[in-house]
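Next up, work_26.cif (mmCIF, C-alpha atoms):
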data_my_file
loop_
_atom_site.label_atom_id
_atom_site.label_comp_id
_atom_site.auth_asym_id
_atom_site.auth_seq_id
_atom_site.Cartn_x
_atom_site.Cartn_y
_atom_site.Cartn_z
CA MET A 1 38.34 7.47 34.42
CA GLN A 2 41.99 8.19 33.70
CA ASN A 3 43.28 9.58 30.42
CA ARG A 4 45.72 7.90 28.08
CA THR A 5 49.36 8.41 29.05
CA PRO A 6 52.53 8.68 26.94
CA GLY A 7 54.51 5.51 27.44
CA ASN A 8 51.47 3.26 27.72
CA THR A 9 51.89 0.20 25.51
CA GLN A 10 49.80 -0.11 22.36
CA GLY A 11 47.88 -2.99 20.83
CA ILE A 12 45.06 -4.02 18.52
CA ASP A 13 42.17 -6.45 18.36
CA VAL A 14 41.27 -8.42 15.24
CA SER A 15 38.83 -10.88 13.76
CA ARG A 16 38.33 -12.39 10.31
CA TYR A 17 37.40 -8.93 9.01
CA GLN A 18 41.08 -7.94 8.98
CA GLY A 19 41.76 -10.72 6.46
CA ASN A 20 45.32 -11.97 6.04
CA ILE A 21 47.63 -10.19 8.47
CA ASP A 22 51.41 -9.76 8.21
CA TRP A 23 52.16 -10.13 11.90
CA ALA A 24 55.85 -9.33 11.60
CA LYS A 25 54.93 -5.91 10.18
CA VAL A 26 52.31 -5.39 12.90
CA LYS A 27 54.89 -6.07 15.60
CA ALA A 28 57.48 -3.86 13.89
CA SER A 29 54.96 -1.00 13.77
CA GLY A 30 55.03 -0.79 17.57
CA MET A 31 52.11 -3.01 18.56
CA THR A 32 52.97 -5.17 21.57
CA PHE A 33 49.70 -6.98 22.26
CA VAL A 34 46.60 -8.23 20.46
CA PHE A 35 43.22 -9.66 21.37
CA ILE A 36 41.98 -12.11 18.73
CA LYS A 37 38.37 -13.12 18.23
CA ALA A 38 37.84 -16.79 19.03
CA THR A 39 34.12 -17.46 19.32
CA GLU A 40 30.60 -16.07 19.40
CA GLY A 41 27.43 -17.51 20.86
CA ARG A 42 27.29 -21.26 21.37
CA THR A 43 28.69 -22.55 18.08
CA TYR A 44 30.50 -19.91 16.01
CA ILE A 45 34.32 -19.98 15.68
CA ASP A 46 36.14 -17.20 13.86
CA PRO A 47 37.65 -18.88 10.78
CA ASN A 48 40.95 -16.98 11.20
CA PHE A 49 41.27 -17.71 14.91
CA GLN A 50 44.06 -20.29 14.93
CA LYS A 51 45.92 -18.64 12.05
CA ASN A 52 45.89 -15.28 13.80
CA VAL A 53 46.98 -16.73 17.15
CA ASN A 54 49.88 -18.63 15.62
CA GLY A 55 50.99 -15.66 13.50
CA ALA A 56 50.89 -13.20 16.40
CA LEU A 57 52.78 -15.54 18.71
CA THR A 58 55.42 -16.23 16.11
CA ALA A 59 55.91 -12.47 15.70
CA GLY A 60 56.53 -12.18 19.45
CA MET A 61 53.36 -10.35 20.46
CA MET A 62 51.47 -10.79 23.73
CA VAL A 63 48.24 -12.54 22.76
CA GLY A 64 44.78 -12.82 24.25
CA THR A 65 41.41 -13.88 22.82
CA TYR A 66 37.80 -12.79 23.14
CA HIS A 67 34.32 -14.27 22.96
CA PHE A 68 31.35 -12.26 21.68
CA PHE A 69 28.68 -12.92 24.30
CA ARG A 70 25.01 -13.44 23.38
CA GLY A 71 23.73 -15.25 26.46
CA THR A 72 20.22 -14.52 27.69
CA THR A 73 19.98 -17.19 30.41
CA VAL A 74 22.38 -18.76 32.89
CA GLU A 75 22.25 -22.04 30.96
CA ILE A 76 23.11 -20.36 27.66
CA ALA A 77 25.87 -18.35 29.34
CA ARG A 78 27.51 -21.52 30.65
CA ALA A 79 27.13 -23.20 27.26
CA GLU A 80 28.87 -20.24 25.62
CA ALA A 81 31.69 -20.46 28.17
CA ALA A 82 32.12 -24.16 27.40
CA HIS A 83 32.23 -23.44 23.66
CA TYR A 84 34.87 -20.74 24.21
CA ALA A 85 36.98 -22.95 26.49
CA ASN A 86 36.81 -25.90 24.07
CA THR A 87 37.95 -23.64 21.24
CA LEU A 88 40.86 -22.32 23.31
CA ASN A 89 41.93 -25.92 23.86
CA GLN A 90 42.70 -26.04 20.13
CA ILE A 91 45.63 -23.68 20.73
CA GLY A 92 46.76 -25.21 24.03
CA GLY A 93 44.23 -23.60 26.38
CA ALA A 94 43.94 -20.14 27.93
CA LYS A 95 47.13 -20.65 29.93
CA ALA A 96 49.08 -21.05 26.71
CA LEU A 97 48.64 -17.33 26.01
CA GLN A 98 50.05 -14.25 27.72
CA LEU A 99 46.73 -12.42 28.21
CA PRO A 100 43.49 -13.70 29.80
CA PRO A 101 40.32 -14.67 27.94
CA VAL A 102 37.76 -11.89 27.44
CA MET A 103 33.97 -11.73 27.66
CA ASP A 104 32.83 -9.22 25.01
CA TYR A 105 29.44 -8.11 26.33
CA GLU A 106 28.26 -5.04 24.42
CA ASN A 107 24.57 -5.45 23.57
CA ASN A 108 21.38 -6.86 25.06
CA PRO A 109 19.65 -9.08 22.48
CA GLY A 110 17.27 -10.57 25.04
CA ASN A 111 16.15 -7.19 26.40
CA LEU A 112 17.19 -8.31 29.88
CA SER A 113 16.94 -6.17 32.99
CA LYS A 114 20.18 -4.96 34.56
CA ALA A 115 19.86 -7.59 37.29
CA GLN A 116 19.43 -10.33 34.69
CA MET A 117 22.38 -9.02 32.66
CA ASN A 118 24.62 -9.20 35.72
CA THR A 119 23.41 -12.71 36.51
CA VAL A 120 24.20 -14.09 33.05
CA ALA A 121 27.52 -12.21 32.93
CA LYS A 122 28.59 -13.74 36.25
CA ALA A 123 27.52 -17.19 35.07
CA PHE A 124 29.75 -16.89 32.00
CA LEU A 125 32.69 -15.37 33.88
CA THR A 126 32.73 -17.92 36.67
CA GLU A 127 32.31 -20.81 34.24
CA ILE A 128 35.09 -19.72 31.90
CA GLN A 129 37.40 -19.27 34.89
CA ARG A 130 36.47 -22.72 36.18
CA LEU A 131 37.10 -24.31 32.79
CA THR A 132 40.34 -22.49 31.96
CA GLY A 133 41.86 -21.71 35.34
CA VAL A 134 42.30 -18.06 34.29
CA LYS A 135 40.31 -15.06 35.55
CA PRO A 136 38.80 -13.34 32.50
CA ILE A 137 38.55 -9.69 31.47
CA ILE A 138 35.33 -7.84 30.60
CA TYR A 139 35.11 -5.87 27.34
CA THR A 140 32.21 -3.48 26.86
CA GLY A 141 31.26 -0.06 25.55
CA ASN A 142 31.46 3.19 27.51
CA SER A 143 27.67 3.53 27.83
CA PHE A 144 26.90 -0.17 28.09
CA ALA A 145 29.26 -0.48 31.08
CA SER A 146 26.67 1.31 33.22
CA ASN A 147 24.59 -1.89 33.19
CA PHE A 148 27.10 -3.74 35.36
CA ASP A 149 26.99 -3.55 39.15
CA ALA A 150 29.85 -3.22 41.61
CA SER A 151 30.15 -7.00 42.03
CA LEU A 152 31.86 -7.16 38.62
CA GLY A 153 34.46 -4.56 39.60
CA SER A 154 36.99 -7.25 40.47
CA TYR A 155 37.35 -8.06 36.77
CA ASP A 156 39.71 -5.91 34.70
CA LEU A 157 37.87 -3.59 32.31
CA TRP A 158 38.58 -3.25 28.60
CA VAL A 159 36.38 -0.35 27.53
CA ALA A 160 35.50 1.05 24.11
CA ARG A 161 35.23 4.81 23.79
CA TYR A 162 36.13 6.32 20.43
CA SER A 163 37.33 9.81 21.28
CA THR A 164 40.51 11.86 21.30
CA THR A 165 39.20 14.30 23.89
CA ARG A 166 36.83 12.46 26.27
CA VAL A 167 37.91 9.74 28.66
CA PRO A 168 35.62 6.81 29.47
CA ASP A 169 32.99 7.54 32.11
CA ALA A 170 33.31 6.26 35.66
CA GLN A 171 30.90 3.38 36.25
CA PRO A 172 29.35 1.59 39.24
CA ALA A 173 31.77 -1.31 38.72
CA TRP A 174 34.89 0.58 37.61
CA LYS A 175 36.66 3.88 38.20
CA ARG A 176 39.66 3.00 36.01
CA TRP A 177 40.15 1.18 32.74
CA THR A 178 42.82 -1.47 32.22
CA PHE A 179 42.56 -1.42 28.42
CA TRP A 180 40.99 1.37 26.36
CA GLN A 181 39.84 0.76 22.78
CA TYR A 182 40.08 4.35 21.60
CA THR A 183 39.31 4.03 17.87
CA ASP A 184 37.92 1.53 15.39
CA SER A 185 39.59 3.16 12.39
CA GLY A 186 43.28 2.75 13.14
CA LYS A 187 45.92 2.06 10.52
CA VAL A 188 48.73 -0.41 11.20
CA ASN A 189 51.39 -1.78 8.87
CA GLY A 190 50.61 -5.39 7.96
CA ILE A 191 46.81 -4.92 7.98
CA SER A 192 44.76 -3.75 5.02
CA GLY A 193 41.97 -1.43 6.03
CA ASN A 194 40.92 -0.26 9.48
CA VAL A 195 41.67 -1.96 12.77
CA ASP A 196 40.65 -1.34 16.40
CA MET A 197 43.40 0.37 18.41
CA ASN A 198 43.90 -0.22 22.14
CA GLU A 199 46.07 1.03 24.97
CA PHE A 200 47.06 -0.69 28.22
CA GLU A 201 47.38 1.43 31.36
CA GLY A 202 51.12 0.86 31.64
CA THR A 203 54.25 -0.28 29.86
CA ALA A 204 54.75 -3.55 28.02
CA ALA A 205 56.74 -4.89 30.97
CA GLN A 206 53.92 -3.97 33.34
CA LEU A 207 51.39 -5.66 31.07
CA ARG A 208 53.42 -8.86 30.99
CA ALA A 209 53.90 -8.79 34.76
CA ARG A 210 50.21 -8.12 35.44
CA TYR A 211 49.08 -11.40 33.91
CA ALA A 212 52.20 -13.51 34.36
CA GLY A 213 50.67 -15.42 37.27
CA ALA A 214 47.37 -16.01 35.50
CA THR A 215 48.89 -17.30 32.26
CA PRO A 216 52.15 -18.97 33.31
CA ASN A 217 53.03 -20.66 30.02
CA PRO A 218 54.29 -18.07 27.51
CA ASN A 219 55.31 -20.69 24.94
CA PRO A 220 52.17 -22.47 23.71
CA THR A 221 51.92 -25.21 21.20
CA ASN A 222 51.10 -24.66 17.55
CA PRO A 223 48.40 -27.20 16.74
CA THR A 224 48.14 -26.23 13.09
CA ASN A 225 51.82 -26.74 12.33
CA PRO A 226 53.59 -28.96 14.86
CA THR A 227 56.93 -28.79 13.05
CA GLU A 228 57.35 -25.06 13.65
CA PRO A 229 57.63 -23.45 17.11
CA THR A 230 55.23 -20.60 17.80
CA ASN A 231 58.00 -18.73 19.60
CA PRO A 232 61.50 -18.89 18.09
CA THR A 233 63.07 -18.52 21.53
CA ASN A 234 61.46 -21.78 22.63
CA PRO A 235 62.26 -24.53 20.11
CA GLY A 236 60.42 -27.23 22.01
CA ASN A 237 58.19 -28.07 24.91
CA PRO A 238 58.78 -31.62 26.12
CA SER A 239 55.64 -31.52 28.25
CA ASN A 240 53.42 -31.34 25.18
CA PRO A 241 53.74 -33.93 22.39
CA THR A 242 52.40 -31.60 19.71
CA THR A 243 55.38 -29.21 19.94
CA PRO A 244 58.64 -29.55 17.97
CA SER A 245 60.12 -31.95 20.56
CA ASN A 246 57.86 -34.56 18.92
CA PRO A 247 57.62 -33.47 15.27
CA ASN A 248 55.53 -36.49 14.18
CA PRO A 249 52.45 -36.70 16.43
CA PRO A 250 49.93 -39.42 15.58
CA THR A 251 46.94 -38.53 13.45
CA VAL A 252 43.71 -38.39 15.43
CA PRO A 253 41.72 -41.53 14.51
CA PRO A 254 38.15 -41.33 13.21
CA LYS A 255 35.28 -43.06 14.97
CA GLY A 256 36.16 -46.42 13.46
CA GLY A 257 39.38 -46.46 15.48
CA GLU A 258 41.74 -46.73 12.50
CA PRO A 259 44.08 -43.83 11.71
CA MET A 260 43.33 -41.80 8.59
CA THR A 261 45.48 -42.43 5.58
CA ALA A 262 47.31 -39.44 4.11
CA GLU A 263 44.81 -39.34 1.24
CA GLU A 264 41.83 -39.46 3.61
CA LYS A 265 43.24 -36.70 5.78
CA ALA A 266 43.94 -34.49 2.74
CA ALA A 267 40.38 -35.00 1.51
CA PHE A 268 38.98 -34.30 4.97
CA ASP A 269 41.03 -31.11 5.35
CA ALA A 270 39.93 -29.86 1.92
CA LEU A 271 36.28 -30.51 2.74
CA LYS A 272 36.59 -28.81 6.13
CA ALA A 273 38.20 -25.74 4.53
CA GLN A 274 35.34 -25.53 2.02
CA VAL A 275 32.71 -25.82 4.78
CA ASP A 276 34.51 -23.16 6.85
CA ARG A 277 34.48 -20.77 3.90
CA LEU A 278 30.77 -21.31 3.29
CA GLN A 279 29.98 -21.04 6.98
CA ALA A 280 31.93 -17.79 7.33
CA ARG A 281 29.83 -16.19 4.58
CA GLN A 282 26.62 -17.01 6.44
CA GLN A 283 27.86 -16.41 10.01
CA MET A 284 28.81 -12.77 9.94
CA GLU A 285 28.80 -11.08 13.34
CA VAL A 286 26.59 -8.03 13.76
CA PRO A 287 28.27 -5.04 12.04
CA VAL A 288 28.45 -1.78 13.95
CA TRP A 289 26.06 -0.10 11.50
CA ALA A 290 23.41 -2.80 12.05
CA LYS A 291 23.56 -3.13 15.84
CA ALA A 292 20.77 -0.63 16.60
CA ALA A 293 18.46 -2.28 14.08
CA VAL A 294 19.19 -5.80 15.34
CA GLU A 295 18.64 -4.79 18.95
CA ALA A 296 15.33 -3.12 18.04
CA ALA A 297 14.18 -6.21 16.15
CA LEU A 298 15.14 -8.59 18.95
CA ALA A 299 13.49 -6.37 21.55
CA TYR A 300 10.24 -6.08 19.57
CA ASP A 301 8.89 -9.20 21.24
CA SER A 302 11.37 -10.74 23.67
CA LYS A 303 9.10 -13.71 24.43
CA ASN A 304 8.74 -14.59 20.74
CA PRO A 305 11.85 -13.22 19.01
CA LEU A 306 11.53 -12.50 15.31
CA PHE A 307 14.77 -14.39 14.65
CA SER A 308 17.89 -15.77 16.30
CA ILE A 309 21.46 -14.77 15.45
CA ASP A 310 23.26 -17.12 17.80
CA ASN A 311 25.31 -18.38 14.86
CA GLY A 312 25.63 -15.09 13.02
CA ALA A 313 23.94 -14.09 9.79
CA SER A 314 24.83 -12.69 6.38
CA TYR A 315 25.50 -9.15 5.18
CA ASP A 316 22.27 -9.17 3.17
CA PHE A 317 20.29 -10.20 6.25
CA TYR A 318 21.69 -7.34 8.34
CA ARG A 319 21.07 -4.90 5.50
CA PHE A 320 17.44 -6.07 5.31
CA ILE A 321 16.97 -5.67 9.08
CA THR A 322 18.46 -2.18 8.92
CA VAL A 323 16.08 -1.12 6.16
CA MET A 324 13.13 -2.50 8.14
CA HIS A 325 14.30 -0.59 11.22
CA ARG A 326 14.61 2.69 9.31
CA ARG A 327 11.03 2.26 8.15
CA GLY A 328 9.87 1.95 11.73
CA LEU A 329 8.60 -1.60 11.45
CA PHE A 330 9.95 -2.65 14.85
CA ARG A 331 8.00 -0.04 16.80
CA LYS A 332 5.02 -1.17 18.82
#

How does this structure look as structure tokens?
Amino acid sequence: MQNRTPGNTQGIDVSRYQGNIDWAKVKASGMTFVFIKATEGRTYIDPNFQKNVNGALTAGMMVGTYHFFRGTTVEIARAEAAHYANTLNQIGGAKALQLPPVMDYENNPGNLSKAQMNTVAKAFLTEIQRLTGVKPIIYTGNSFASNFDASLGSYDLWVARYSTTRVPDAQPAWKRWTFWQYTDSGKVNGISGNVDMNEFEGTAAQLRARYAGATPNPNPTNPTNPTEPTNPTNPGNPSNPTTPSNPNPPTVPPKGGEPMTAEEKAAFDALKAQVDRLQARQQMEVPVWAKAAVEAALAYDSKNPLFSIDNGASYDFYRFITVMHRRGLFRK
């Protein structure tokens, strides 16, 4: 595939692991786009998803989202697509953002054949496009990309290859990358610790133009704070009652049909925040250092898996699985 080129626009991708982000500093550091983790599996939602989307949009960045794919059957793939699409509706839908949704398919927990992997990938991709009206992008690793056949070549490729000297390998489905994630240990102002760094195969203007038709609304709503516009150049959107043109939208009623009182809503929000914090601790996505161990454990007996990580697991769990793997306990 092609090499990186001076003048190509730069960006990052983030999840809850980057913690609290100062998006104004990120934008000022030269980053023009970001992909933000939204969902994983059939139920998990990144707890920083909405906060990150709103912050990046307010800073003036081009924003996209991604879903960490775990599907092992067509039915599960479609359920994951529905979960992703429903979560995107919380920020106005996929068309509210400048960049398309992304299927992050980088491991094979069900030990599927290549043909099966392509089948479930297509099921997810076609379903998310049907639900959102936007053609998605495929994210995968340099080696893992060899699993995909030429029928997926019509989807733009976002490929991970961490190297300063070697370009991503040509694959059956792709001969060029659209986005290249070239390191997972980047440093950017506004983010504490490491962050994934990415490059688009063109300028910022070319990036915006490439997806302008797919995501026609560059000024989405801000569902978490309806009194503040997500883009300062667009103070209101009369087509959507949750934007500043209607600063006092009605509270969503509970099942009983009566609107919540202010006290009830405050108590509900506090409880939800507490549940989200507890859930995040127990729904950690697979760390890079544990992926080989998790894949070995899941592949040990594909018909009767030792465990399921559809909803994520904890750091201690992944550490335990890694120790078991190092001791050779997942070898038949």

- Could you tell me which residues the PyMOL selection byres ((chain A and resi 28-41) around 6) grabs in this file, written as an MDAnalysis selection string? chainID A and resid 10:15 25:27 42:46 49 61:70 80 84 310

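Atom pair CA of Glu75 in chain A / CA of Phe124 in chain A has a distance of 9.2 Å (rounded to one decimal).
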
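Interatomic distance, CA of Ile321 in chain A to CA of Gln181 in chain A: 27.4 Å.
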
- Query: Contacts of Asp156 in chain A at 12 Å or less, counting only C-alpha atoms, minus same-chain residues fewer than 3 places along, as a ChimeraX atom specification?
  - Reply: /A:99-103,125,135-140,152-153,159,173-180,200-201,210-211

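Residues selected in this file by the PyMOL selection byres ((chain A and resi 319) around 12) comprise Met284, Val286, Pro287, Val288, Trp289, Ala290, Lys291, Ala292, Ala293, Val294, Ala313, Ser314, Tyr315, Asp316, Phe317, Tyr318, Phe320, Ile321, Thr322, Val323, Met324, His325 and Arg326 of chain A.
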
Would you put the residues from that selection into a file with C-alpha atoms, as an mmCIF file, in the frame of the given file?
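So result15.cif came out as:
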data_model
loop_
_atom_site.group_PDB
_atom_site.id
_atom_site.type_symbol
_atom_site.label_atom_id
_atom_site.label_comp_id
_atom_site.auth_asym_id
_atom_site.auth_seq_id
_atom_site.Cartn_x
_atom_site.Cartn_y
_atom_site.Cartn_z
ATOM 1 C CA MET A 284 28.810 -12.770 9.940
ATOM 2 C CA VAL A 286 26.590 -8.030 13.760
ATOM 3 C CA PRO A 287 28.270 -5.040 12.040
ATOM 4 C CA VAL A 288 28.450 -1.780 13.950
ATOM 5 C CA TRP A 289 26.060 -0.100 11.500
ATOM 6 C CA ALA A 290 23.410 -2.800 12.050
ATOM 7 C CA LYS A 291 23.560 -3.130 15.840
ATOM 8 C CA ALA A 292 20.770 -0.630 16.600
ATOM 9 C CA ALA A 293 18.460 -2.280 14.080
ATOM 10 C CA VAL A 294 19.190 -5.800 15.340
ATOM 11 C CA ALA A 313 23.940 -14.090 9.790
ATOM 12 C CA SER A 314 24.830 -12.690 6.380
ATOM 13 C CA TYR A 315 25.500 -9.150 5.180
ATOM 14 C CA ASP A 316 22.270 -9.170 3.170
ATOM 15 C CA PHE A 317 20.290 -10.200 6.250
ATOM 16 C CA TYR A 318 21.690 -7.340 8.340
ATOM 17 C CA PHE A 320 17.440 -6.070 5.310
ATOM 18 C CA ILE A 321 16.970 -5.670 9.080
ATOM 19 C CA THR A 322 18.460 -2.180 8.920
ATOM 20 C CA VAL A 323 16.080 -1.120 6.160
ATOM 21 C CA MET A 324 13.130 -2.500 8.140
ATOM 22 C CA HIS A 325 14.300 -0.590 11.220
ATOM 23 C CA ARG A 326 14.610 2.690 9.310
#

Output, as JSON, the centre and edge lengths in Å (one decimal) of the axis-aligned box that contains all listed atoms of range 46-53 of chain A with 8 Å of margin on each side.
{"center_x": 41.6, "center_y": -17.8, "center_z": 14.0, "size_x": 26.8, "size_y": 21.0, "size_z": 22.4}

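Interatomic distance, CA of Gln90 in chain A against CA of Tyr105 in chain A: 23.1 Å.
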
Please return, as a JSON list (two decimals) with C-alpha atoms, keeping the file's coordinate frame, all polymer residues that have at least one atom within 12 Å of the point (37.5, -21.4, 35.6); use only C-alpha atoms and the file's own coordinate frame.
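What ended up in out-v3.json:
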[["chain", "number", "residue", "atom", "x", "y", "z"],
["A", 78, "ARG", "CA", 27.51, -21.52, 30.65],
["A", 81, "ALA", "CA", 31.69, -20.46, 28.17],
["A", 82, "ALA", "CA", 32.12, -24.16, 27.40],
["A", 84, "TYR", "CA", 34.87, -20.74, 24.21],
["A", 85, "ALA", "CA", 36.98, -22.95, 26.49],
["A", 93, "GLY", "CA", 44.23, -23.60, 26.38],
["A", 94, "ALA", "CA", 43.94, -20.14, 27.93],
["A", 95, "LYS", "CA", 47.13, -20.65, 29.93],
["A", 100, "PRO", "CA", 43.49, -13.70, 29.80],
["A", 101, "PRO", "CA", 40.32, -14.67, 27.94],
["A", 122, "LYS", "CA", 28.59, -13.74, 36.25],
["A", 123, "ALA", "CA", 27.52, -17.19, 35.07],
["A", 124, "PHE", "CA", 29.75, -16.89, 32.00],
["A", 125, "LEU", "CA", 32.69, -15.37, 33.88],
["A", 126, "THR", "CA", 32.73, -17.92, 36.67],
["A", 127, "GLU", "CA", 32.31, -20.81, 34.24],
["A", 128, "ILE", "CA", 35.09, -19.72, 31.90],
["A", 129, "GLN", "CA", 37.40, -19.27, 34.89],
["A", 130, "ARG", "CA", 36.47, -22.72, 36.18],
["A", 131, "LEU", "CA", 37.10, -24.31, 32.79],
["A", 132, "THR", "CA", 40.34, -22.49, 31.96],
["A", 133, "GLY", "CA", 41.86, -21.71, 35.34],
["A", 134, "VAL", "CA", 42.30, -18.06, 34.29],
["A", 135, "LYS", "CA", 40.31, -15.06, 35.55],
["A", 136, "PRO", "CA", 38.80, -13.34, 32.50],
["A", 214, "ALA", "CA", 47.37, -16.01, 35.50]]

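Nearest to Ser151 in chain A of all the residues A:Thr183, A:Gln50, A:Asn118, A:Gln206 is A:Asn118, counting only C-alpha atoms.
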
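If you measure from each of A:Ser154, A:Ser185, A:Asn107, A:Asn198 to Gly71 in chain A using all atoms listed in the file, the closest one turns out to be A:Asn107.
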